[in-house]
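Below is work.cif, which holds mmCIF, C-alpha atoms.
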data_upload
loop_
_atom_site.label_atom_id
_atom_site.label_comp_id
_atom_site.auth_asym_id
_atom_site.auth_seq_id
_atom_site.Cartn_x
_atom_site.Cartn_y
_atom_site.Cartn_z
CA MET A 1 118.35 -9.16 -84.35
CA ILE A 2 119.68 -9.78 -80.89
CA PRO A 3 118.62 -12.82 -78.85
CA ALA A 4 116.67 -12.39 -75.63
CA ALA A 5 118.93 -12.49 -72.59
CA PHE A 6 119.91 -15.88 -71.18
CA ASP A 7 122.29 -17.37 -68.67
CA TYR A 8 125.21 -19.32 -70.09
CA GLU A 9 127.26 -22.25 -68.85
CA SER A 10 130.14 -23.95 -70.63
CA PRO A 11 130.90 -27.16 -68.72
CA ALA A 12 134.17 -29.01 -69.33
CA SER A 13 132.85 -32.58 -69.17
CA VAL A 14 129.72 -34.58 -69.95
CA ASP A 15 129.15 -35.26 -66.24
CA GLU A 16 129.41 -31.58 -65.46
CA ALA A 17 127.00 -30.74 -68.29
CA LEU A 18 124.45 -33.26 -67.02
CA ALA A 19 124.76 -31.78 -63.51
CA VAL A 20 124.23 -28.25 -64.83
CA ILE A 21 121.12 -29.33 -66.73
CA ALA A 22 119.79 -31.29 -63.74
CA GLY A 23 120.40 -28.27 -61.52
CA ALA A 24 118.42 -25.93 -63.76
CA GLY A 25 115.15 -26.94 -62.12
CA ASP A 26 112.16 -25.28 -63.76
CA ARG A 27 114.23 -23.00 -65.95
CA GLU A 28 114.08 -23.72 -69.67
CA VAL A 29 117.39 -25.10 -70.92
CA LYS A 30 118.72 -25.22 -74.45
CA VAL A 31 121.83 -27.23 -75.29
CA LEU A 32 124.23 -25.48 -77.66
CA ALA A 33 126.30 -27.70 -79.95
CA GLY A 34 127.64 -25.95 -83.07
CA GLY A 35 124.88 -23.38 -82.87
CA GLN A 36 124.15 -23.20 -86.58
CA SER A 37 120.46 -23.92 -86.02
CA LEU A 38 120.05 -22.74 -82.42
CA ILE A 39 121.70 -19.33 -82.71
CA PRO A 40 119.55 -18.27 -85.71
CA VAL A 41 116.49 -19.43 -83.77
CA LEU A 42 117.54 -17.40 -80.73
CA ARG A 43 118.30 -14.40 -82.92
CA LEU A 44 114.84 -14.51 -84.44
CA ARG A 45 113.46 -14.94 -80.89
CA MET A 46 111.58 -18.03 -81.93
CA ASN A 47 112.96 -19.43 -78.70
CA ALA A 48 114.05 -17.67 -75.52
CA PRO A 49 115.58 -20.14 -73.06
CA ASP A 50 116.58 -19.16 -69.52
CA LEU A 51 119.84 -21.07 -69.72
CA VAL A 52 122.07 -22.09 -72.63
CA VAL A 53 124.47 -24.96 -71.91
CA ASP A 54 127.36 -24.87 -74.40
CA LEU A 55 129.02 -28.23 -75.12
CA GLY A 56 131.86 -26.55 -77.03
CA ARG A 57 134.42 -26.92 -74.24
CA ILE A 58 133.93 -30.68 -73.79
CA ALA A 59 136.92 -32.31 -75.48
CA GLU A 60 135.60 -35.86 -74.97
CA LEU A 61 132.68 -35.14 -77.34
CA ARG A 62 134.92 -34.47 -80.34
CA GLY A 63 136.66 -36.88 -82.64
CA VAL A 64 136.30 -40.26 -84.30
CA ARG A 65 137.66 -43.61 -83.15
CA ASP A 66 137.77 -47.16 -84.39
CA ASP A 67 135.49 -49.28 -82.23
CA GLY A 68 135.88 -52.76 -83.72
CA ASP A 69 132.98 -53.47 -86.05
CA ALA A 70 131.89 -49.82 -85.87
CA ILE A 71 133.32 -46.35 -85.88
CA ALA A 72 132.39 -44.11 -82.99
CA ILE A 73 131.82 -40.45 -83.81
CA GLY A 74 131.75 -37.89 -81.00
CA ALA A 75 128.56 -35.83 -81.04
CA MET A 76 130.47 -32.53 -81.29
CA THR A 77 132.48 -33.59 -84.35
CA THR A 78 131.88 -30.92 -86.99
CA HIS A 79 130.44 -31.59 -90.44
CA ASP A 80 133.76 -30.46 -91.85
CA ASP A 81 135.60 -33.07 -89.78
CA VAL A 82 133.07 -35.76 -90.78
CA THR A 83 133.83 -34.87 -94.40
CA ARG A 84 137.60 -35.14 -94.00
CA GLU A 85 138.09 -37.84 -91.37
CA PRO A 86 139.87 -40.84 -93.01
CA LEU A 87 138.17 -43.42 -90.74
CA ILE A 88 134.76 -42.18 -91.87
CA ARG A 89 135.76 -42.05 -95.53
CA GLN A 90 136.99 -45.62 -95.29
CA HIS A 91 134.18 -47.21 -93.29
CA ALA A 92 131.15 -44.93 -93.70
CA LEU A 93 131.72 -43.05 -96.92
CA LEU A 94 128.03 -42.15 -97.14
CA LEU A 95 128.31 -39.93 -94.04
CA SER A 96 131.36 -38.16 -95.42
CA LEU A 97 129.66 -37.44 -98.76
CA ALA A 98 126.43 -36.25 -97.13
CA ALA A 99 128.28 -33.99 -94.68
CA GLN A 100 130.01 -32.34 -97.61
CA THR A 101 126.61 -31.14 -98.88
CA VAL A 102 125.39 -29.59 -95.61
CA ALA A 103 124.69 -25.85 -95.98
CA ASP A 104 127.95 -24.05 -96.84
CA PRO A 105 131.62 -24.17 -95.75
CA GLN A 106 131.23 -21.68 -92.90
CA VAL A 107 128.31 -23.61 -91.42
CA ARG A 108 130.18 -26.91 -91.82
CA HIS A 109 133.10 -25.48 -89.82
CA ARG A 110 130.79 -24.91 -86.82
CA GLY A 111 127.81 -27.24 -87.22
CA THR A 112 128.11 -30.67 -85.63
CA PHE A 113 127.07 -34.20 -86.55
CA GLY A 114 125.43 -34.81 -83.17
CA GLY A 115 123.76 -31.42 -83.11
CA SER A 116 122.15 -32.03 -86.48
CA LEU A 117 120.90 -35.47 -85.42
CA ALA A 118 119.57 -34.23 -82.08
CA HIS A 119 117.84 -31.26 -83.73
CA ALA A 120 116.11 -33.70 -86.13
CA ASP A 121 115.02 -31.18 -88.72
CA PRO A 122 113.18 -33.22 -91.40
CA ALA A 123 115.09 -31.34 -94.13
CA ALA A 124 118.52 -31.84 -92.52
CA ASP A 125 120.95 -33.98 -94.48
CA MET A 126 122.65 -36.12 -91.81
CA PRO A 127 119.71 -38.05 -90.28
CA ALA A 128 118.85 -40.11 -93.41
CA PRO A 129 122.43 -41.36 -93.97
CA ALA A 130 122.76 -42.20 -90.25
CA LEU A 131 119.47 -44.11 -90.41
CA ALA A 132 120.44 -45.92 -93.62
CA LEU A 133 123.73 -47.14 -92.11
CA GLY A 134 121.99 -48.38 -88.95
CA ALA A 135 123.69 -45.96 -86.57
CA GLU A 136 123.35 -46.43 -82.82
CA PHE A 137 122.93 -43.39 -80.63
CA VAL A 138 124.67 -43.26 -77.25
CA ILE A 139 122.70 -41.06 -74.87
CA ALA A 140 124.03 -39.97 -71.47
CA GLY A 141 121.71 -39.09 -68.62
CA PRO A 142 121.68 -38.73 -64.85
CA SER A 143 121.45 -42.51 -64.42
CA GLY A 144 124.16 -43.48 -66.91
CA ARG A 145 124.36 -44.22 -70.60
CA ARG A 146 121.97 -46.04 -72.90
CA THR A 147 122.06 -46.90 -76.59
CA VAL A 148 119.15 -46.36 -78.96
CA GLY A 149 118.95 -47.92 -82.42
CA ALA A 150 118.46 -45.76 -85.50
CA SER A 151 114.89 -46.91 -86.10
CA ASP A 152 113.89 -45.78 -82.58
CA PHE A 153 115.86 -42.53 -82.42
CA PHE A 154 113.87 -40.19 -84.68
CA THR A 155 110.39 -40.12 -83.17
CA ASP A 156 108.67 -37.04 -84.61
CA LEU A 157 109.19 -33.60 -86.14
CA PHE A 158 112.25 -32.09 -84.37
CA THR A 159 111.87 -34.84 -81.77
CA THR A 160 114.15 -37.73 -80.84
CA ALA A 161 114.52 -40.39 -78.16
CA ILE A 162 116.77 -38.02 -76.18
CA GLY A 163 114.85 -37.37 -72.96
CA GLU A 164 114.73 -34.42 -70.56
CA GLY A 165 118.10 -33.98 -68.89
CA GLU A 166 119.89 -36.23 -71.38
CA LEU A 167 122.59 -35.56 -73.98
CA LEU A 168 123.56 -37.31 -77.20
CA VAL A 169 127.26 -38.05 -76.70
CA GLU A 170 128.32 -40.48 -79.42
CA VAL A 171 127.07 -42.12 -82.58
CA ARG A 172 128.28 -45.63 -83.42
CA VAL A 173 128.12 -46.42 -87.11
CA PRO A 174 128.59 -50.04 -88.23
CA LYS A 175 131.45 -50.33 -90.68
CA HIS A 176 130.46 -50.43 -94.33
CA THR A 177 133.98 -50.91 -95.63
CA GLY A 178 134.15 -51.20 -99.39
CA TRP A 179 130.56 -50.12 -99.98
CA GLY A 180 129.80 -47.60 -102.69
CA ALA A 181 127.88 -44.54 -101.53
CA HIS A 182 126.22 -41.37 -102.70
CA TYR A 183 124.03 -38.61 -101.27
CA GLU A 184 121.80 -36.92 -103.86
CA LYS A 185 119.93 -33.82 -102.81
CA PHE A 186 117.63 -31.48 -104.61
CA ASN A 187 117.24 -27.82 -103.69
CA HIS A 188 116.31 -24.71 -105.60
CA VAL A 189 119.11 -22.42 -104.47
CA ALA A 190 122.69 -23.09 -103.41
CA HIS A 191 123.14 -23.84 -99.68
CA THR A 192 119.39 -24.04 -98.90
CA TRP A 193 117.62 -26.96 -97.25
CA SER A 194 116.99 -30.15 -99.19
CA ILE A 195 113.53 -30.37 -100.72
CA VAL A 196 114.21 -34.11 -100.95
CA GLY A 197 117.48 -35.96 -100.37
CA VAL A 198 118.43 -39.59 -100.90
CA ALA A 199 121.25 -41.41 -99.11
CA ALA A 200 122.37 -44.65 -100.74
CA ALA A 201 125.00 -47.23 -99.80
CA VAL A 202 125.43 -50.29 -101.98
CA ARG A 203 127.64 -53.38 -101.92
CA VAL A 204 128.20 -54.86 -105.36
CA GLU A 205 129.59 -58.37 -105.93
CA GLY A 206 130.56 -59.37 -109.45
CA GLY A 207 128.21 -56.87 -111.06
CA THR A 208 125.24 -57.81 -108.87
CA ILE A 209 123.84 -55.73 -106.02
CA ALA A 210 124.41 -57.87 -102.93
CA GLU A 211 123.21 -55.37 -100.30
CA ALA A 212 121.60 -51.95 -100.45
CA LYS A 213 120.66 -49.33 -97.87
CA VAL A 214 118.65 -46.27 -98.79
CA GLY A 215 117.50 -43.40 -96.55
CA LEU A 216 115.20 -40.52 -97.49
CA THR A 217 115.44 -36.89 -96.34
CA ASN A 218 112.30 -34.74 -96.06
CA MET A 219 109.82 -37.39 -97.21
CA GLY A 220 107.99 -37.31 -93.87
CA LEU A 221 108.25 -35.93 -90.36
CA VAL A 222 111.28 -38.15 -89.73
CA PRO A 223 113.96 -39.67 -91.99
CA ILE A 224 112.67 -42.82 -93.66
CA ARG A 225 114.35 -46.04 -94.75
CA ALA A 226 113.28 -46.92 -98.31
CA THR A 227 112.98 -50.63 -97.57
CA ALA A 228 110.94 -51.42 -100.70
CA VAL A 229 113.78 -50.02 -102.84
CA GLU A 230 116.39 -51.93 -100.85
CA GLN A 231 114.52 -55.21 -101.34
CA ALA A 232 113.95 -54.55 -105.02
CA LEU A 233 117.66 -53.80 -105.56
CA VAL A 234 119.15 -56.89 -103.94
CA GLY A 235 120.02 -59.54 -106.52
CA GLN A 236 119.63 -57.15 -109.43
CA PRO A 237 122.43 -56.37 -111.87
CA ALA A 238 124.08 -53.02 -111.13
CA THR A 239 122.72 -51.48 -114.32
CA ALA A 240 120.89 -48.23 -114.93
CA ASP A 241 117.68 -49.95 -116.05
CA ALA A 242 117.49 -52.28 -113.06
CA ILE A 243 118.28 -49.46 -110.64
CA ARG A 244 115.71 -47.09 -112.12
CA ALA A 245 113.07 -49.82 -111.96
CA ALA A 246 113.81 -50.49 -108.28
CA ALA A 247 113.79 -46.73 -107.58
CA GLN A 248 110.13 -46.55 -108.61
CA ASN A 249 109.36 -47.92 -105.12
CA ALA A 250 111.02 -44.96 -103.38
CA ASP A 251 107.85 -43.24 -102.18
CA GLN A 252 106.33 -46.36 -100.63
CA GLY A 253 105.61 -45.85 -96.97
CA THR A 254 106.47 -42.14 -97.09
CA ASN A 255 104.32 -39.23 -96.00
CA PRO A 256 105.79 -36.11 -97.62
CA MET A 257 104.59 -32.63 -96.75
CA SER A 258 103.35 -30.00 -99.15
CA ASP A 259 104.95 -26.62 -98.60
CA ALA A 260 106.15 -23.55 -100.49
CA SER A 261 109.06 -25.50 -102.02
CA ALA A 262 107.15 -28.51 -103.36
CA ASP A 263 103.82 -30.26 -103.05
CA GLU A 264 103.44 -33.86 -101.97
CA ASP A 265 103.19 -35.34 -105.47
CA TYR A 266 106.30 -33.52 -106.62
CA ARG A 267 108.21 -34.80 -103.60
CA ARG A 268 107.11 -38.36 -104.43
CA HIS A 269 108.37 -37.86 -107.99
CA LEU A 270 111.64 -36.42 -106.75
CA ALA A 271 112.18 -39.35 -104.37
CA LYS A 272 112.03 -41.81 -107.28
CA VAL A 273 114.26 -39.80 -109.60
CA LEU A 274 116.83 -38.96 -106.92
CA THR A 275 116.89 -42.55 -105.63
CA GLY A 276 117.76 -43.72 -109.12
CA ARG A 277 120.54 -41.17 -109.38
CA ALA A 278 121.86 -41.87 -105.89
CA VAL A 279 122.03 -45.66 -106.29
CA LEU A 280 123.49 -45.40 -109.78
CA ALA A 281 126.22 -43.08 -108.49
CA ALA A 282 126.80 -45.37 -105.50
CA VAL A 283 127.44 -48.45 -107.63
CA GLY A 284 129.96 -46.35 -109.56
CA MET B 285 121.49 -12.46 -66.32
CA GLY B 286 124.93 -10.89 -65.94
CA THR B 287 128.03 -10.83 -68.08
CA ARG B 288 131.01 -13.10 -68.70
CA ARG B 289 134.63 -12.18 -69.08
CA ILE B 290 136.19 -13.25 -72.37
CA SER B 291 139.78 -13.05 -73.56
CA VAL B 292 140.20 -13.13 -77.30
CA THR B 293 142.84 -12.17 -79.85
CA VAL B 294 141.43 -10.20 -82.78
CA ASP B 295 143.65 -9.27 -85.72
CA GLY B 296 146.71 -9.90 -83.59
CA VAL B 297 145.66 -7.79 -80.60
CA ALA B 298 144.60 -9.35 -77.28
CA TYR B 299 141.35 -8.09 -75.74
CA SER B 300 139.61 -8.85 -72.46
CA ASP B 301 135.99 -7.79 -72.16
CA ASP B 302 132.83 -8.42 -70.19
CA VAL B 303 130.03 -9.45 -72.54
CA GLU B 304 126.43 -10.53 -72.19
CA PRO B 305 126.07 -14.19 -73.22
CA ARG B 306 123.57 -13.18 -75.89
CA THR B 307 126.07 -10.91 -77.64
CA LEU B 308 126.78 -12.16 -81.15
CA LEU B 309 130.40 -12.22 -82.26
CA VAL B 310 129.65 -9.80 -85.12
CA HIS B 311 128.18 -7.27 -82.69
CA TYR B 312 131.14 -7.66 -80.33
CA LEU B 313 133.54 -7.02 -83.22
CA ARG B 314 131.67 -4.01 -84.56
CA GLU B 315 130.30 -2.32 -81.48
CA ARG B 316 132.86 -3.14 -78.79
CA LEU B 317 136.05 -3.27 -80.82
CA GLY B 318 135.01 -0.87 -83.59
CA LYS B 319 135.89 -3.37 -86.29
CA THR B 320 133.17 -2.23 -88.66
CA GLY B 321 134.87 -3.82 -91.66
CA THR B 322 132.88 -6.92 -90.77
CA VAL B 323 129.29 -6.19 -91.76
CA VAL B 324 125.83 -7.55 -90.99
CA GLY B 325 124.10 -8.37 -94.25
CA CYS B 326 121.05 -10.53 -93.78
CA ASP B 327 120.64 -11.37 -90.10
CA THR B 328 119.51 -14.86 -91.11
CA SER B 329 122.84 -16.73 -91.56
CA ASN B 330 122.38 -16.81 -95.33
CA CYS B 331 124.53 -14.09 -96.82
CA GLY B 332 128.01 -14.63 -95.39
CA ALA B 333 128.86 -10.90 -95.35
CA CYS B 334 129.91 -11.26 -91.68
CA THR B 335 132.42 -14.07 -92.38
CA VAL B 336 135.57 -14.00 -90.22
CA HIS B 337 138.18 -16.61 -89.35
CA LEU B 338 137.89 -18.29 -85.97
CA ASP B 339 141.02 -20.25 -85.04
CA GLY B 340 141.92 -20.38 -88.71
CA ARG B 341 138.57 -21.47 -90.20
CA SER B 342 135.84 -19.34 -91.75
CA VAL B 343 132.63 -18.84 -89.76
CA LYS B 344 129.61 -16.58 -89.99
CA SER B 345 130.09 -14.24 -87.04
CA CYS B 346 126.32 -13.66 -86.77
CA SER B 347 125.99 -17.35 -85.85
CA VAL B 348 128.60 -17.46 -83.10
CA LEU B 349 128.23 -16.03 -79.59
CA ALA B 350 131.04 -13.82 -78.32
CA VAL B 351 131.27 -16.03 -75.20
CA GLN B 352 132.04 -19.01 -77.44
CA VAL B 353 135.28 -17.42 -78.70
CA ASP B 354 136.83 -17.03 -75.25
CA GLY B 355 140.47 -18.11 -75.63
CA SER B 356 140.33 -18.08 -79.42
CA ASP B 357 141.98 -16.23 -82.24
CA VAL B 358 139.81 -14.20 -84.63
CA THR B 359 140.88 -12.62 -87.91
CA THR B 360 138.63 -10.08 -89.61
CA ILE B 361 138.94 -8.35 -92.97
CA GLU B 362 140.79 -5.60 -91.10
CA GLY B 363 143.56 -8.00 -90.13
CA LEU B 364 144.44 -9.26 -93.60
CA ALA B 365 146.63 -6.44 -94.86
CA GLN B 366 150.18 -6.51 -93.46
CA ASN B 367 152.40 -3.41 -93.15
CA GLY B 368 150.15 -1.43 -95.47
CA GLU B 369 150.26 -4.11 -98.18
CA LEU B 370 146.96 -5.58 -99.27
CA HIS B 371 146.59 -9.35 -98.88
CA PRO B 372 146.92 -11.07 -102.30
CA VAL B 373 143.19 -11.87 -102.28
CA GLN B 374 142.31 -8.24 -101.51
CA GLN B 375 144.66 -7.13 -104.30
CA ALA B 376 143.07 -9.59 -106.73
CA PHE B 377 139.53 -8.36 -105.91
CA HIS B 378 140.76 -4.81 -106.47
CA GLU B 379 142.47 -5.56 -109.79
CA ASN B 380 139.65 -7.72 -111.18
CA HIS B 381 136.86 -5.49 -109.91
CA GLY B 382 135.37 -8.36 -107.94
CA LEU B 383 132.70 -6.12 -106.50
CA GLN B 384 130.15 -3.48 -107.30
CA CYS B 385 128.48 -2.05 -104.19
CA GLY B 386 131.09 -3.72 -102.00
CA TYR B 387 128.82 -4.81 -99.17
CA CYS B 388 129.46 -8.54 -99.56
CA THR B 389 133.18 -8.00 -100.20
CA PRO B 390 134.59 -8.44 -96.66
CA GLY B 391 132.85 -11.81 -96.36
CA MET B 392 133.71 -12.82 -99.93
CA ILE B 393 137.38 -12.11 -99.33
CA MET B 394 137.49 -13.89 -95.97
CA GLN B 395 135.80 -16.96 -97.45
CA SER B 396 138.07 -16.85 -100.53
CA VAL B 397 141.14 -16.85 -98.26
CA ASP B 398 139.75 -19.91 -96.45
CA LEU B 399 138.98 -21.62 -99.75
CA LEU B 400 142.47 -21.03 -101.15
CA LYS B 401 144.09 -22.30 -97.96
CA ASP B 402 142.27 -25.60 -98.52
CA ASN B 403 142.61 -25.69 -102.27
CA PRO B 404 145.38 -23.45 -103.67
CA ASP B 405 144.41 -24.12 -107.29
CA PRO B 406 140.61 -24.35 -107.51
CA SER B 407 138.57 -24.76 -110.69
CA ASP B 408 135.78 -22.27 -111.45
CA GLU B 409 133.26 -24.80 -110.14
CA GLU B 410 135.21 -25.34 -106.93
CA ILE B 411 135.35 -21.57 -106.40
CA ARG B 412 131.60 -21.25 -106.88
CA GLU B 413 130.97 -24.14 -104.49
CA GLY B 414 133.45 -22.77 -101.98
CA LEU B 415 131.64 -19.41 -102.02
CA GLU B 416 128.12 -20.85 -101.92
CA GLY B 417 127.56 -19.43 -98.45
CA ASN B 418 128.26 -15.88 -99.64
CA LEU B 419 125.63 -13.92 -101.54
CA CYS B 420 126.35 -11.06 -103.93
CA ARG B 421 123.39 -9.15 -105.34
CA CYS B 422 125.36 -7.04 -107.84
CA THR B 423 128.08 -8.80 -109.75
CA GLY B 424 126.62 -12.08 -110.92
CA TYR B 425 129.79 -13.53 -109.34
CA GLN B 426 131.74 -13.46 -112.60
CA ASN B 427 134.49 -11.08 -111.50
CA ILE B 428 134.54 -12.60 -108.03
CA VAL B 429 135.44 -15.98 -109.52
CA LYS B 430 137.98 -14.24 -111.74
CA ALA B 431 139.52 -12.52 -108.73
CA VAL B 432 139.86 -15.78 -106.79
CA LYS B 433 141.46 -17.41 -109.83
CA ALA B 434 143.88 -14.51 -110.10
CA ALA B 435 144.71 -14.72 -106.41
CA ALA B 436 145.35 -18.45 -106.76
CA LYS B 437 147.70 -17.78 -109.64
CA ALA B 438 149.50 -15.02 -107.75
CA GLY B 439 149.81 -17.34 -104.76
CA SER B 440 151.39 -20.11 -106.82
CA VAL B 441 153.82 -17.66 -108.46
CA SER B 442 155.04 -16.29 -105.13
CA ALA B 443 155.29 -19.83 -103.75
CA GLY B 444 157.45 -20.70 -106.73
CA VAL B 445 159.72 -17.74 -106.08
CA ALA B 446 159.95 -18.61 -102.41
CA GLY B 447 160.84 -22.16 -103.40
CA GLY B 448 163.79 -20.93 -105.41
CA ALA B 449 162.26 -21.25 -108.88
CA ALA B 450 162.39 -18.31 -111.32
#
Now that the file is in, can you turn its structure into C-alpha cells?
Amino acid sequence: MIPAAFDYESPASVDEALAVIAGAGDREVKVLAGGQSLIPVLRLRMNAPDLVVDLGRIAELRGVRDDGDAIAIGAMTTHDDVTREPLIRQHALLLSLAAQTVADPQVRHRGTFGGSLAHADPAADMPAPALALGAEFVIAGPSGRRTVGASDFFTDLFTTAIGEGELLVEVRVPKHTGWGAHYEKFNHVAHTWSIVGVAAAVRVEGGTIAEAKVGLTNMGLVPIRATAVEQALVGQPATADAIRAAAQNADQGTNPMSDASADEDYRRHLAKVLTGRAVLAAVG
Amino acid sequence: MGTRRISVTVDGVAYSDDVEPRTLLVHYLRERLGKTGTVVGCDTSNCGACTVHLDGRSVKSCSVLAVQVDGSDVTTIEGLAQNGELHPVQQAFHENHGLQCGYCTPGMIMQSVDLLKDNPDPSDEEIREGLEGNLCRCTGYQNIVKAVKAAAKAGSVSAGVAGGAA
C-alpha cells in the first residue's frame, strides 16, 4: 500500500528540528527516525500525519562517545552500529547482544536505538536492556534539555516521558565494564517480535554473583525490571541450580498480556525459563 | 502537499526527480526508473523481496521513503552484473538452482551479497541467520544456502588468484 500524503521536512540540526515541530501548530506531526516501525504504519494507513519530520540528516544524533562513567549513544545510532560499536561491546555488552537479535539484518541497518526506545513497543527488544542497565534519557525540547531516568521513561503502552514538541537525542548508559551479559528471546518464527525476552547482566566475583540486573520484554505494557530475581541472585554461587531457583521469581510484579501468540500463564512460564537461560549464559 | 527534488545514483546512473514524500523507494525504483527487477512481495516489511543496497548496506526498499535517499547511492539486482557477466552470487544461485518460482530471488541475492561482504566464509547457520529477513515459500531454503556457500567458495578462490596464489 501507499501512505496517505504528508508534508516532509528533513532538518539538519536538533534545534532546527525542534523549531519545525514547534512551528507545525495544530498539524499532526510524526518524527521519523529509522522508519522501520513508522513507515509500515504509514503504509498500512494506521496513521496519517500531516507532517513527517525526518531526523536522518542530523549528524549530531549519530554515534557513540565515552562520557566518563557512562557511554553516550546518539538516538539515531542504528541497531547495526550498536551491535558493532567497540565502546558498547566493552562497557554495555548487553545492548550489543540485544541489538543483534532485533528483527533482521536489513531492519538493523535502518532501525535506530533511539527510535526503538521512543516508540516503546512492549515487544521491542531494546527497552528492557536499557532499563536493566539504568540508562538515562536525554530529551531536548523548546526550553532546553532534561534527563529522565530509566524507571521514569517508559510510562505506558507505546508511551514515554517524551512530551509534545520534544525529541529523544541521546541515551547515557552507565558503564558495566567486565560484566557478563545475555539477551534471551523467544519467538515462534525467525525475525518476528519477541513473545517474551529477558535481558541479563551479571558481575561475578570468585564464583559468586556480586551484582545482577535483569529486564523483561513483553511481560507488561512497559519493560519491567525483575528486581525479585536480582535480589535472589546476589550472593548466590554462579551455578545452574542456584540461578534456576532465583529465576522462579521472574514473573513477580509483572502483568503479561494474553494474545494470539501466548496467554498470560504461558508468558509467566516463559519468563522463568528464559531468565534462567539468560542469567546462566551471562555468567558464562 | 507538493513534491521534493531528489538526486540519487541507482546502479551507477545519476537521476534527479521530483517525488511525493510518501513515495516508497521500491515504487520509485519500479515505477519511475523502470527497475522492475526489485519486486514487492508482502507489503508488510516481512519478506525481503524488495531488498536493495543503500550506500552499501542492505535495506528493505518498501520501508524507506524515496526522499530519504536524496544524495545516496542505491544498487538493485539490476546493477549487480558487470559487462554481461553475472555477479558470482547470481551465478551461484543459477548453478545451484537456489530458486523455484524466483519471486524472492532478487532480494535473496541482494541480502546474500551483503552477508558475504560482512562474512566471506559463513557457516550454514550464519547463512540462515543472515537471510532471516528474506522469505522463500518454495525451496525450503536448502539450495539457497548451498548457493551462498558456493558463492563464498568462489569468492575465496578468486581472491586467492588475485593475491597471487595458484
Identify, on the basis of only C-alpha atoms, every residue whose closest approach to Ala333 (chain B) does not exceed 8 Å; exclude the query and any residue fewer than 6 positions from it along the same chain; express the result as a CSV table (one decimal) with C-alpha atoms, in the coordinates of the input.
chain,number,residue,atom,x,y,z
B,322,THR,CA,132.9,-6.9,-90.8
B,323,VAL,CA,129.3,-6.2,-91.8
B,324,VAL,CA,125.8,-7.6,-91.0
B,325,GLY,CA,124.1,-8.4,-94.2
B,326,CYS,CA,121.0,-10.5,-93.8
B,344,LYS,CA,129.6,-16.6,-90.0
B,387,TYR,CA,128.8,-4.8,-99.2
B,388,CYS,CA,129.5,-8.5,-99.6
B,389,THR,CA,133.2,-8.0,-100.2
B,390,PRO,CA,134.6,-8.4,-96.7
B,391,GLY,CA,132.8,-11.8,-96.4
B,392,MET,CA,133.7,-12.8,-99.9
B,418,ASN,CA,128.3,-15.9,-99.6
B,419,LEU,CA,125.6,-13.9,-101.5
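Distances here use only C-alpha atoms; by that measure, the residue among B:Ala376, B:Val294, B:Ile361, B:Cys334 closest to Leu308 (chain B) is B:Cys334.
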Would you list the contacts of region 201-218 of chain A as an MDAnalysis selection string, taking every protein, DNA or RNA residue within 7 Å and counting all atoms listed in the file, but skipping same-chain residues closer than 3 positions in sequence?
-> chainID A and resid 94 122:123 125 128:129 131:133 179:182 195:198 223:226 230 233:238 256 282:283
Compute the chain B side of the contact with chain A at 10 Å, counting only C-alpha atoms, and hand it back as a PDB file with C-alpha atoms, keeping the file's coordinate frame.
ATOM      1  CA  MET B 285     121.490 -12.460 -66.320  1.00  0.00           C
ATOM      2  CA  GLY B 286     124.930 -10.890 -65.940  1.00  0.00           C
ATOM      3  CA  THR B 287     128.030 -10.830 -68.080  1.00  0.00           C
ATOM      4  CA  ARG B 288     131.010 -13.100 -68.700  1.00  0.00           C
ATOM      5  CA  GLU B 304     126.430 -10.530 -72.190  1.00  0.00           C
ATOM      6  CA  PRO B 305     126.070 -14.190 -73.220  1.00  0.00           C
ATOM      7  CA  ARG B 306     123.570 -13.180 -75.890  1.00  0.00           C
ATOM      8  CA  THR B 307     126.070 -10.910 -77.640  1.00  0.00           C
ATOM      9  CA  LEU B 308     126.780 -12.160 -81.150  1.00  0.00           C
ATOM     10  CA  HIS B 311     128.180  -7.270 -82.690  1.00  0.00           C
ATOM     11  CA  CYS B 326     121.050 -10.530 -93.780  1.00  0.00           C
ATOM     12  CA  ASP B 327     120.640 -11.370 -90.100  1.00  0.00           C
ATOM     13  CA  THR B 328     119.510 -14.860 -91.110  1.00  0.00           C
ATOM     14  CA  SER B 329     122.840 -16.730 -91.560  1.00  0.00           C
ATOM     15  CA  ASN B 330     122.380 -16.810 -95.330  1.00  0.00           C
ATOM     16  CA  GLY B 332     128.010 -14.630 -95.390  1.00  0.00           C
ATOM     17  CA  THR B 335     132.420 -14.070 -92.380  1.00  0.00           C
ATOM     18  CA  VAL B 336     135.570 -14.000 -90.220  1.00  0.00           C
ATOM     19  CA  HIS B 337     138.180 -16.610 -89.350  1.00  0.00           C
ATOM     20  CA  LEU B 338     137.890 -18.290 -85.970  1.00  0.00           C
ATOM     21  CA  ARG B 341     138.570 -21.470 -90.200  1.00  0.00           C
ATOM     22  CA  SER B 342     135.840 -19.340 -91.750  1.00  0.00           C
ATOM     23  CA  VAL B 343     132.630 -18.840 -89.760  1.00  0.00           C
ATOM     24  CA  LYS B 344     129.610 -16.580 -89.990  1.00  0.00           C
ATOM     25  CA  SER B 345     130.090 -14.240 -87.040  1.00  0.00           C
ATOM     26  CA  CYS B 346     126.320 -13.660 -86.770  1.00  0.00           C
ATOM     27  CA  SER B 347     125.990 -17.350 -85.850  1.00  0.00           C
ATOM     28  CA  VAL B 348     128.600 -17.460 -83.100  1.00  0.00           C
ATOM     29  CA  LEU B 349     128.230 -16.030 -79.590  1.00  0.00           C
ATOM     30  CA  VAL B 351     131.270 -16.030 -75.200  1.00  0.00           C
ATOM     31  CA  GLN B 352     132.040 -19.010 -77.440  1.00  0.00           C
ATOM     32  CA  VAL B 353     135.280 -17.420 -78.700  1.00  0.00           C
ATOM     33  CA  GLN B 395     135.800 -16.960 -97.450  1.00  0.00           C
ATOM     34  CA  ASP B 398     139.750 -19.910 -96.450  1.00  0.00           C
ATOM     35  CA  LEU B 399     138.980 -21.620 -99.750  1.00  0.00           C
ATOM     36  CA  ARG B 412     131.600 -21.250-106.880  1.00  0.00           C
ATOM     37  CA  GLU B 413     130.970 -24.140-104.490  1.00  0.00           C
ATOM     38  CA  GLY B 414     133.450 -22.770-101.980  1.00  0.00           C
ATOM     39  CA  LEU B 415     131.640 -19.410-102.020  1.00  0.00           C
ATOM     40  CA  GLU B 416     128.120 -20.850-101.920  1.00  0.00           C
ATOM     41  CA  GLY B 417     127.560 -19.430 -98.450  1.00  0.00           C
ATOM     42  CA  ASN B 418     128.260 -15.880 -99.640  1.00  0.00           C
ATOM     43  CA  LEU B 419     125.630 -13.920-101.540  1.00  0.00           C
TER      44      LEU B 419
END
